[in-house]
file query-v5.pdb (PDB, C-alpha atoms and all ligand atoms)
MODEL        1
ATOM      1  CA  MET A1289      -3.087  -3.413  -1.499
ATOM      2  CA  GLY A1290      -5.672  -1.573  -3.553
ATOM      3  CA  ARG A1291      -6.151   0.827  -6.414
ATOM      4  CA  GLN A1292      -5.133   4.397  -5.760
ATOM      5  CA  GLY A1293      -8.043   5.997  -3.926
ATOM      6  CA  SER A1294      -9.202   2.675  -2.458
ATOM      7  CA  GLY A1295      -8.527   3.907   1.079
ATOM      8  CA  LYS A1296      -5.204   2.144   1.802
ATOM      9  CA  GLY A1297      -3.762   5.110   3.693
ATOM     10  CA  THR A1298      -6.932   5.651   5.713
ATOM     11  CA  GLN A1299      -7.218   1.979   6.649
ATOM     12  CA  CYS A1300      -3.534   1.657   7.530
ATOM     13  CA  ALA A1301      -3.804   4.714   9.778
ATOM     14  CA  LEU A1302      -6.832   3.192  11.559
ATOM     15  CA  LEU A1303      -5.048  -0.142  11.994
ATOM     16  CA  ALA A1304      -1.850   1.538  13.180
ATOM     17  CA  GLY A1305      -3.859   3.572  15.706
ATOM     18  CA  ARG A1306      -5.601   0.429  16.905
ATOM     19  CA  THR A1307      -2.587  -1.860  17.185
ATOM     20  CA  GLY A1308       0.356   0.481  17.725
ATOM     21  CA  VAL A1309       2.213  -1.182  14.836
ATOM     22  CA  PRO A1310       4.178   1.428  12.807
ATOM     23  CA  HIS A1311       2.651   2.472   9.476
ATOM     24  CA  LEU A1312       5.061   2.860   6.564
ATOM     25  CA  SER A1313       3.572   4.555   3.487
ATOM     26  CA  THR A1314       5.972   4.643   0.558
ATOM     27  CA  GLY A1315       3.847   7.310  -1.182
ATOM     28  CA  ALA A1316       3.980   9.567   1.902
ATOM     29  CA  LEU A1317       7.709   8.895   2.252
ATOM     30  CA  PHE A1318       8.346   9.910  -1.373
ATOM     31  CA  ARG A1319       6.131  13.017  -1.048
ATOM     32  CA  ARG A1320       8.085  14.107   2.052
ATOM     33  CA  GLU A1321      11.389  13.661   0.195
ATOM     34  CA  VAL A1322      10.090  15.745  -2.738
ATOM     35  CA  ALA A1323       8.844  18.502  -0.401
ATOM     36  CA  ALA A1324      12.208  18.562   1.414
ATOM     37  CA  GLY A1325      14.088  18.739  -1.910
ATOM     38  CA  THR A1326      16.414  15.820  -1.073
ATOM     39  CA  ALA A1327      18.428  13.891  -3.675
ATOM     40  CA  LEU A1328      15.908  11.037  -3.437
ATOM     41  CA  GLY A1329      13.080  13.564  -3.836
ATOM     42  CA  ASP A1330      14.683  14.874  -7.035
ATOM     43  CA  ARG A1331      14.944  11.327  -8.401
ATOM     44  CA  VAL A1332      11.274  10.475  -7.800
ATOM     45  CA  GLU A1333       9.504  13.807  -8.354
ATOM     46  CA  GLY A1334       8.806  13.340 -12.077
ATOM     47  CA  HIS A1335       7.424   9.833 -11.565
ATOM     48  CA  LEU A1336       5.049  11.004  -8.823
ATOM     49  CA  GLY A1337       3.835  13.972 -10.866
ATOM     50  CA  ARG A1338       3.057  11.794 -13.876
ATOM     51  CA  GLY A1339       1.400   9.067 -11.785
ATOM     52  CA  GLU A1340       4.036   6.522 -12.830
ATOM     53  CA  LEU A1341       5.514   4.015 -10.439
ATOM     54  CA  VAL A1342       8.958   4.873  -9.129
ATOM     55  CA  PRO A1343      11.414   2.356 -10.671
ATOM     56  CA  ASP A1344      11.703  -0.884  -8.679
ATOM     57  CA  PRO A1345      15.436  -0.572  -7.822
ATOM     58  CA  VAL A1346      14.869   2.824  -6.180
ATOM     59  CA  VAL A1347      11.855   1.632  -4.185
ATOM     60  CA  VAL A1348      13.563  -1.582  -3.109
ATOM     61  CA  GLU A1349      16.696   0.240  -1.963
ATOM     62  CA  VAL A1350      14.688   2.657   0.170
ATOM     63  CA  VAL A1351      12.127   0.265   1.670
ATOM     64  CA  VAL A1352      14.113  -2.923   2.129
ATOM     65  CA  GLY A1353      16.793  -0.906   3.941
ATOM     66  CA  ALA A1354      14.214   0.808   6.189
ATOM     67  CA  LEU A1355      12.633  -2.524   7.156
ATOM     68  CA  ARG A1356      15.958  -3.796   8.495
ATOM     69  CA  LEU A1357      15.455  -1.311  11.312
ATOM     70  CA  ALA A1358      11.861  -2.379  12.051
ATOM     71  CA  THR A1359      11.872  -4.736  15.006
ATOM     72  CA  GLY A1360       8.267  -4.612  16.235
ATOM     73  CA  GLY A1361       6.583  -5.384  12.933
ATOM     74  CA  TYR A1362       5.181  -3.004  10.337
ATOM     75  CA  LEU A1363       2.116  -2.116   8.349
ATOM     76  CA  LEU A1364       3.177  -1.554   4.747
ATOM     77  CA  ASP A1365       1.019   0.897   2.789
ATOM     78  CA  GLY A1366       1.700   0.939  -0.952
ATOM     79  CA  PHE A1367       4.600  -1.510  -0.930
ATOM     80  CA  PRO A1368       5.195  -3.932  -2.536
ATOM     81  CA  ARG A1369       3.411  -2.773  -5.661
ATOM     82  CA  THR A1370       5.005  -4.992  -8.326
ATOM     83  CA  LEU A1371       6.013  -8.649  -8.484
ATOM     84  CA  GLU A1372       9.685  -7.562  -8.548
ATOM     85  CA  GLN A1373       9.241  -5.607  -5.298
ATOM     86  CA  GLY A1374       7.508  -8.574  -3.646
ATOM     87  CA  VAL A1375      10.302 -10.931  -4.682
ATOM     88  CA  ALA A1376      12.947  -8.464  -3.466
ATOM     89  CA  LEU A1377      11.163  -8.159  -0.101
ATOM     90  CA  PHE A1378      11.124 -11.938   0.398
ATOM     91  CA  ASP A1379      14.712 -12.290  -0.845
ATOM     92  CA  ALA A1380      15.901  -9.760   1.733
ATOM     93  CA  HIS A1381      13.733 -10.703   4.720
ATOM     94  CA  GLY A1382      12.583 -14.269   4.065
ATOM     95  CA  GLU A1383       9.080 -15.712   3.860
ATOM     96  CA  ASP A1384       8.220 -14.190   7.239
ATOM     97  CA  ALA A1385       8.469 -10.684   5.749
ATOM     98  CA  LEU A1386       4.661 -10.653   5.454
ATOM     99  CA  ASP A1387       1.952 -12.341   7.528
ATOM    100  CA  VAL A1388      -0.889 -11.293   5.260
ATOM    101  CA  ALA A1389      -1.688  -8.984   2.339
ATOM    102  CA  VAL A1390      -5.036  -7.179   2.449
ATOM    103  CA  GLU A1391      -6.558  -6.030  -0.814
ATOM    104  CA  LEU A1392      -9.232  -3.306  -0.659
ATOM    105  CA  GLN A1393     -11.535  -3.959  -3.579
ATOM    106  CA  VAL A1394     -12.989  -0.764  -5.022
ATOM    107  CA  PRO A1395     -14.026  -0.348  -8.665
ATOM    108  CA  HIS A1396     -12.620   2.367 -10.994
ATOM    109  CA  GLU A1397     -15.852   4.394 -10.989
ATOM    110  CA  VAL A1398     -15.657   4.785  -7.194
ATOM    111  CA  VAL A1399     -11.946   5.622  -6.842
ATOM    112  CA  VAL A1400     -11.725   8.368  -9.496
ATOM    113  CA  PRO A1401     -14.185  10.751  -7.745
ATOM    114  CA  ARG A1402     -12.512   9.946  -4.375
ATOM    115  CA  MET A1403      -9.091  10.916  -5.749
ATOM    116  CA  LEU A1404     -10.353  14.105  -7.418
ATOM    117  CA  ALA A1405     -12.044  15.074  -4.130
ATOM    118  CA  ARG A1406      -8.886  14.693  -1.964
ATOM    119  CA  GLY A1407      -6.976  17.063  -4.347
ATOM    120  CA  ARG A1408      -3.369  15.978  -3.713
ATOM    121  CA  ASP A1409      -0.764  17.605  -6.023
ATOM    122  CA  ASP A1410      -0.300  14.334  -7.941
ATOM    123  CA  ASP A1411      -4.084  13.800  -8.341
ATOM    124  CA  THR A1412      -4.459  15.325 -11.814
ATOM    125  CA  PRO A1413      -6.891  13.486 -14.141
ATOM    126  CA  GLU A1414      -3.958  12.283 -16.333
ATOM    127  CA  ALA A1415      -1.914  11.013 -13.380
ATOM    128  CA  ILE A1416      -4.966   9.241 -11.950
ATOM    129  CA  GLU A1417      -5.514   7.374 -15.235
ATOM    130  CA  THR A1418      -1.822   6.412 -15.378
ATOM    131  CA  ARG A1419      -1.885   5.117 -11.782
ATOM    132  CA  LEU A1420      -5.043   3.073 -12.368
ATOM    133  CA  ALA A1421      -3.526   1.499 -15.499
ATOM    134  CA  ALA A1422      -0.302   0.734 -13.576
ATOM    135  CA  TYR A1423      -2.341  -1.066 -10.916
ATOM    136  CA  ASP A1424      -4.001  -3.351 -13.456
ATOM    137  CA  GLU A1425      -0.783  -3.979 -15.362
ATOM    138  CA  LEU A1426       1.908  -4.150 -12.662
ATOM    139  CA  THR A1427       0.188  -4.797  -9.324
ATOM    140  CA  ALA A1428      -2.395  -7.367 -10.436
ATOM    141  CA  PRO A1429       0.339 -10.021 -11.053
ATOM    142  CA  LEU A1430       1.600  -9.468  -7.497
ATOM    143  CA  LEU A1431      -1.910 -10.175  -6.169
ATOM    144  CA  VAL A1432      -1.942 -13.471  -8.071
ATOM    145  CA  TRP A1433       1.473 -14.307  -6.561
ATOM    146  CA  PHE A1434       0.279 -13.465  -3.015
ATOM    147  CA  ASP A1435      -2.818 -15.570  -3.567
ATOM    148  CA  SER A1436      -0.738 -18.539  -4.746
ATOM    149  CA  ARG A1437       1.143 -18.297  -1.405
ATOM    150  CA  ASP A1438      -2.123 -18.084   0.499
ATOM    151  CA  LEU A1439      -1.240 -14.600   1.751
ATOM    152  CA  LEU A1440      -4.079 -12.642   0.141
ATOM    153  CA  VAL A1441      -7.261 -11.516   1.877
ATOM    154  CA  SER A1442      -9.749  -9.414  -0.120
ATOM    155  CA  VAL A1443     -12.077  -6.935   1.534
ATOM    156  CA  ASP A1444     -14.883  -4.841   0.037
ATOM    157  CA  GLY A1445     -13.542  -1.255   0.200
ATOM    158  CA  ALA A1446     -16.894   0.497  -0.395
ATOM    159  CA  GLY A1447     -18.474   2.430   2.468
ATOM    160  CA  THR A1448     -17.264   4.666   5.271
ATOM    161  CA  PRO A1449     -13.753   4.307   6.750
ATOM    162  CA  ALA A1450     -15.273   2.831   9.934
ATOM    163  CA  GLU A1451     -17.286   0.241   7.981
ATOM    164  CA  VAL A1452     -14.253  -0.821   5.958
ATOM    165  CA  HIS A1453     -12.067  -0.914   9.103
ATOM    166  CA  HIS A1454     -14.583  -3.281  10.702
ATOM    167  CA  ARG A1455     -14.372  -5.581   7.662
ATOM    168  CA  VAL A1456     -10.560  -5.437   7.583
ATOM    169  CA  VAL A1457     -10.292  -6.402  11.246
ATOM    170  CA  GLY A1458     -12.809  -9.207  10.721
ATOM    171  CA  ALA A1459     -10.782 -10.567   7.807
ATOM    172  CA  LEU A1460      -7.500 -10.318   9.748
ATOM    173  CA  ARG A1461      -8.892 -12.165  12.773
ATOM    174  CA  SER A1462      -8.722 -15.427  10.857
ATOM    175  CA  ARG A1463      -5.059 -14.785   9.929
ATOM    176  CA  LEU A1464      -3.376 -13.181  12.921
ATOM    177  CA  PRO A1465      -3.060 -14.006  16.626
ATOM    178  CA  VAL A1466      -5.851 -12.440  18.691
ATOM    179  CA  ALA A1467      -3.341 -10.259  20.571
ATOM    180  CA  ALA A1468      -2.109  -8.669  17.326
ATOM    181  CA  LEU A1469      -5.504  -7.011  16.810
ATOM    182  CA  ALA A1470      -6.331  -6.078  20.378
ATOM    183  CA  PRO A1471      -7.012  -2.323  20.456
ATOM    184  CA  VAL A1472      -4.310  -0.327  22.225
ATOM    185  CA  SER A1473      -6.580   2.717  21.880
ATOM    186  CA  PRO A1474     -10.198   3.017  20.726
ATOM    187  CA  PRO A1475     -10.394   3.318  16.907
ATOM    188  CA  SER A1476     -10.853   6.976  16.046
ATOM    189  CA  ALA A1477     -13.540   6.311  13.415
TER     190      ALA A1477
HETATM  191  P1  LIG A1501       0.400   6.477  -2.936
HETATM  192  O1  LIG A1501       0.458   7.504  -1.851
HETATM  193  O2  LIG A1501       0.492   5.062  -2.400
HETATM  194  O3  LIG A1501      -0.778   6.682  -3.845
HETATM  195  O4  LIG A1501       1.721   6.680  -3.835
HETATM  196  C1  LIG A1501       1.934   7.908  -4.524
HETATM  197  C2  LIG A1501       2.981   7.716  -5.604
HETATM  198  O5  LIG A1501       4.235   7.300  -5.020
HETATM  199  C3  LIG A1501       2.660   6.641  -6.634
HETATM  200  O6  LIG A1501       1.833   7.133  -7.655
HETATM  201  C4  LIG A1501       4.059   6.280  -7.138
HETATM  202  O7  LIG A1501       4.542   7.278  -8.027
HETATM  203  C5  LIG A1501       4.890   6.373  -5.875
HETATM  204  N1  LIG A1501       4.970   5.066  -5.164
HETATM  205  C6  LIG A1501       4.519   4.794  -3.901
HETATM  206  N2  LIG A1501       4.778   3.524  -3.552
HETATM  207  C7  LIG A1501       5.406   2.959  -4.616
HETATM  208  C8  LIG A1501       5.914   1.668  -4.892
HETATM  209  N3  LIG A1501       5.846   0.663  -3.993
HETATM  210  N4  LIG A1501       6.496   1.452  -6.115
HETATM  211  C9  LIG A1501       6.585   2.436  -7.012
HETATM  212  N5  LIG A1501       6.127   3.668  -6.835
HETATM  213  C10 LIG A1501       5.530   3.950  -5.647
ENDMDL
END

call {"tool": "encode", "arguments": {"input": "query-v5.pdb", "output": "structure tokens", "more": "lines below"}}
Ligand code: AMP
result
Amino acid sequence: MGRQGSGKGTQCALLAGRTGVPHLSTGALFRREVAAGTALGDRVEGHLGRGELVPDPVVVEVVVGALRLATGGYLLDGFPRTLEQGVALFDAHGEDALDVAVELQVPHEVVVPRMLARGRDDDTPEAIETRLAAYDELTAPLLVWFDSRDLLVSVDGAGTPAEVHHRVVGALRSRLPVAALAPVSPPSA
């Protein structure tokens, strides 16, 4: 969890490299569908370009179905993003659907320059503002819900990827079995 530009993708990639657990990024999945010009890509393209969330029923259909095939666990990057998506995930896969939710805490004034610097097609100033507002309005209630279920761990997302990775692993050690975090390969950062 984290505002756009908080480093979710970077941290998930580091964790996936470390643990071997597959990394599922809904944003990357949608961008691939748009680039390939699929029917799903056509449905989501406008939402991505404007920085709006893709409607919950579309996201739930795509992700909840994909997770049925995941047997060795998963690292979810950018899903769930609304209370409705979180409820749908638990309805479909039970309370064990998630072991822990990690929130990368990074203030607005830090994420905007990060997003403008990475220069993705959907990183226009207008889309960035829309995505930040959506986080406060639609994702913040999900964080409260996770916290009420004792699933939420918050980590300071400021600093280099390696520094934040170190903090994330430290925070997860108290929540996950030791073996789950044992490096399968040295972290690349
Ligand atoms: P991200 O790569 O996580 O920044 O996601 C890029 C874009 O994909 C977002 O701005 C949304 O338009 C869309 N998206 C990704 N994940 C979700 C989600 N769980 N719910 C709704 N829209 C999403």

call {"tool": "closest_residue", "arguments": {"input": "query-v5.pdb", "among": "A:Glu1340, A:Asp1387, A:Asp1435, A:Asp1409", "to": "ligand LIG 1501 (chain A)", "atoms": "all atoms listed in the file"}}
result
A:Glu1340

call {"tool": "closest_atom_pairs", "arguments": {"input": "query-v5.pdb", "of": "chain A", "to": "ligand LIG 1501 (chain A)", "cutoff": "8 Å", "atoms": "all atoms listed in the file", "output": "JSON lines"}}
result
{"residue": "A:Gln1292", "atom": "CA", "partner": "A:LIG1501", "partner_atom": "O3", "distance": 5.3}
{"residue": "A:Gly1293", "atom": "CA", "partner": "A:LIG1501", "partner_atom": "O3", "distance": 7.3}
{"residue": "A:Lys1296", "atom": "CA", "partner": "A:LIG1501", "partner_atom": "O2", "distance": 7.7}
{"residue": "A:Gly1297", "atom": "CA", "partner": "A:LIG1501", "partner_atom": "O1", "distance": 7.4}
{"residue": "A:Ser1313", "atom": "CA", "partner": "A:LIG1501", "partner_atom": "O2", "distance": 6.7}
{"residue": "A:Thr1314", "atom": "CA", "partner": "A:LIG1501", "partner_atom": "N2", "distance": 4.4}
{"residue": "A:Gly1315", "atom": "CA", "partner": "A:LIG1501", "partner_atom": "O4", "distance": 3.5}
{"residue": "A:Ala1316", "atom": "CA", "partner": "A:LIG1501", "partner_atom": "O1", "distance": 5.5}
{"residue": "A:Phe1318", "atom": "CA", "partner": "A:LIG1501", "partner_atom": "O5", "distance": 6.1}
{"residue": "A:Arg1319", "atom": "CA", "partner": "A:LIG1501", "partner_atom": "O5", "distance": 7.2}
{"residue": "A:Val1332", "atom": "CA", "partner": "A:LIG1501", "partner_atom": "O7", "distance": 7.5}
{"residue": "A:His1335", "atom": "CA", "partner": "A:LIG1501", "partner_atom": "O7", "distance": 5.2}
{"residue": "A:Leu1336", "atom": "CA", "partner": "A:LIG1501", "partner_atom": "O7", "distance": 3.8}
{"residue": "A:Gly1337", "atom": "CA", "partner": "A:LIG1501", "partner_atom": "O7", "distance": 7.3}
{"residue": "A:Arg1338", "atom": "CA", "partner": "A:LIG1501", "partner_atom": "O7", "distance": 7.5}
{"residue": "A:Gly1339", "atom": "CA", "partner": "A:LIG1501", "partner_atom": "O6", "distance": 4.6}
{"residue": "A:Glu1340", "atom": "CA", "partner": "A:LIG1501", "partner_atom": "O7", "distance": 4.9}
{"residue": "A:Leu1341", "atom": "CA", "partner": "A:LIG1501", "partner_atom": "N5", "distance": 3.7}
{"residue": "A:Val1342", "atom": "CA", "partner": "A:LIG1501", "partner_atom": "N5", "distance": 3.8}
{"residue": "A:Pro1343", "atom": "CA", "partner": "A:LIG1501", "partner_atom": "C9", "distance": 6.1}
{"residue": "A:Asp1344", "atom": "CA", "partner": "A:LIG1501", "partner_atom": "N4", "distance": 6.3}
{"residue": "A:Val1347", "atom": "CA", "partner": "A:LIG1501", "partner_atom": "N4", "distance": 5.7}
{"residue": "A:Asp1365", "atom": "CA", "partner": "A:LIG1501", "partner_atom": "O2", "distance": 6.7}
{"residue": "A:Gly1366", "atom": "CA", "partner": "A:LIG1501", "partner_atom": "O2", "distance": 4.5}
{"residue": "A:Phe1367", "atom": "CA", "partner": "A:LIG1501", "partner_atom": "N3", "distance": 4.0}
{"residue": "A:Pro1368", "atom": "CA", "partner": "A:LIG1501", "partner_atom": "N3", "distance": 4.9}
{"residue": "A:Arg1369", "atom": "CA", "partner": "A:LIG1501", "partner_atom": "N3", "distance": 4.5}
{"residue": "A:Thr1370", "atom": "CA", "partner": "A:LIG1501", "partner_atom": "N4", "distance": 7.0}
{"residue": "A:Gln1373", "atom": "CA", "partner": "A:LIG1501", "partner_atom": "N3", "distance": 7.2}
{"residue": "A:Asp1410", "atom": "CA", "partner": "A:LIG1501", "partner_atom": "O6", "distance": 7.5}
{"residue": "A:Ala1415", "atom": "CA", "partner": "A:LIG1501", "partner_atom": "O6", "distance": 7.9}
{"residue": "A:Arg1419", "atom": "CA", "partner": "A:LIG1501", "partner_atom": "O6", "distance": 5.9}

call {"tool": "closest_residue", "arguments": {"input": "query-v5.pdb", "among": "A:Tyr1362, A:Leu1460, A:Val1441, A:Val1400", "to": "Leu1386 in chain A", "atoms": "only C-alpha atoms"}}
result
A:Tyr1362

call {"tool": "atom_distance", "arguments": {"input": "query-v5.pdb", "atom1": "CA of Leu1364 in chain A", "atom2": "CA of Arg1408 in chain A"}}
result
20.5 Å

call {"tool": "atom_distance", "arguments": {"input": "query-v5.pdb", "atom1": "CA of Ile1416 in chain A", "atom2": "CA of Gly1334 in chain A"}}
result
14.4 Å

call {"tool": "atom_distance", "arguments": {"input": "query-v5.pdb", "atom1": "CA of Leu1439 in chain A", "atom2": "CA of Arg1461 in chain A"}}
result
13.6 Å

call {"tool": "build_atoms", "arguments": {"input": "query-v5.pdb", "residues": "range 1346-1371 of chain A", "atoms": "N, CA and C atoms", "output": "compact mmCIF listing (two decimals), keeping the file's coordinate frame"}}
result
# COMPACT_ATOMS: atom_id res chain seq x y z
N VAL A 1346 14.88 1.70 -7.12
CA VAL A 1346 14.87 2.82 -6.18
C VAL A 1346 13.99 2.48 -4.97
N VAL A 1347 12.80 1.95 -5.26
CA VAL A 1347 11.86 1.63 -4.18
C VAL A 1347 12.45 0.56 -3.28
N VAL A 1348 13.03 -0.46 -3.89
CA VAL A 1348 13.56 -1.58 -3.11
C VAL A 1348 14.70 -1.10 -2.21
N GLU A 1349 15.57 -0.27 -2.75
CA GLU A 1349 16.70 0.24 -1.96
C GLU A 1349 16.19 0.98 -0.72
N VAL A 1350 15.19 1.83 -0.93
CA VAL A 1350 14.69 2.66 0.17
C VAL A 1350 13.95 1.80 1.20
N VAL A 1351 13.02 0.95 0.73
CA VAL A 1351 12.13 0.26 1.67
C VAL A 1351 12.81 -0.93 2.33
N VAL A 1352 13.50 -1.73 1.55
CA VAL A 1352 14.11 -2.92 2.13
C VAL A 1352 15.13 -2.51 3.19
N GLY A 1353 15.85 -1.42 2.95
CA GLY A 1353 16.79 -0.91 3.94
C GLY A 1353 16.07 -0.45 5.21
N ALA A 1354 14.95 0.29 5.03
CA ALA A 1354 14.21 0.81 6.19
C ALA A 1354 13.66 -0.34 7.04
N LEU A 1355 13.25 -1.42 6.40
CA LEU A 1355 12.63 -2.52 7.16
C LEU A 1355 13.64 -3.26 8.01
N ARG A 1356 14.93 -3.18 7.65
CA ARG A 1356 15.96 -3.80 8.49
C ARG A 1356 15.93 -3.23 9.90
N LEU A 1357 15.47 -1.98 10.01
CA LEU A 1357 15.46 -1.31 11.31
C LEU A 1357 14.16 -1.58 12.08
N ALA A 1358 13.17 -2.19 11.42
CA ALA A 1358 11.86 -2.38 12.05
C ALA A 1358 11.86 -3.66 12.87
N THR A 1359 11.81 -3.53 14.18
CA THR A 1359 11.87 -4.74 15.01
C THR A 1359 10.49 -5.18 15.48
N GLY A 1360 9.57 -4.24 15.67
CA GLY A 1360 8.27 -4.61 16.24
C GLY A 1360 7.19 -4.83 15.20
N GLY A 1361 7.57 -5.19 13.99
CA GLY A 1361 6.58 -5.38 12.93
C GLY A 1361 6.30 -4.09 12.20
N TYR A 1362 5.48 -4.17 11.16
CA TYR A 1362 5.18 -3.00 10.34
C TYR A 1362 3.90 -3.24 9.55
N LEU A 1363 3.28 -2.12 9.23
CA LEU A 1363 2.12 -2.12 8.35
C LEU A 1363 2.56 -1.41 7.08
N LEU A 1364 2.68 -2.14 6.00
CA LEU A 1364 3.18 -1.55 4.75
C LEU A 1364 2.00 -1.03 3.93
N ASP A 1365 2.09 0.23 3.54
CA ASP A 1365 1.02 0.90 2.79
C ASP A 1365 1.59 1.31 1.43
N GLY A 1366 1.22 0.58 0.39
CA GLY A 1366 1.70 0.94 -0.95
C GLY A 1366 2.99 0.26 -1.35
N PHE A 1367 3.42 -0.71 -0.58
CA PHE A 1367 4.60 -1.51 -0.93
C PHE A 1367 4.37 -2.92 -0.43
N PRO A 1368 4.73 -3.97 -1.15
CA PRO A 1368 5.20 -3.93 -2.54
C PRO A 1368 4.04 -3.63 -3.50
N ARG A 1369 4.41 -3.17 -4.68
CA ARG A 1369 3.41 -2.77 -5.66
C ARG A 1369 3.63 -3.51 -6.98
N THR A 1370 4.73 -4.20 -7.12
CA THR A 1370 5.00 -4.99 -8.33
C THR A 1370 5.53 -6.35 -7.87
N LEU A 1371 5.49 -7.32 -8.79
CA LEU A 1371 6.01 -8.65 -8.48
C LEU A 1371 7.49 -8.56 -8.11
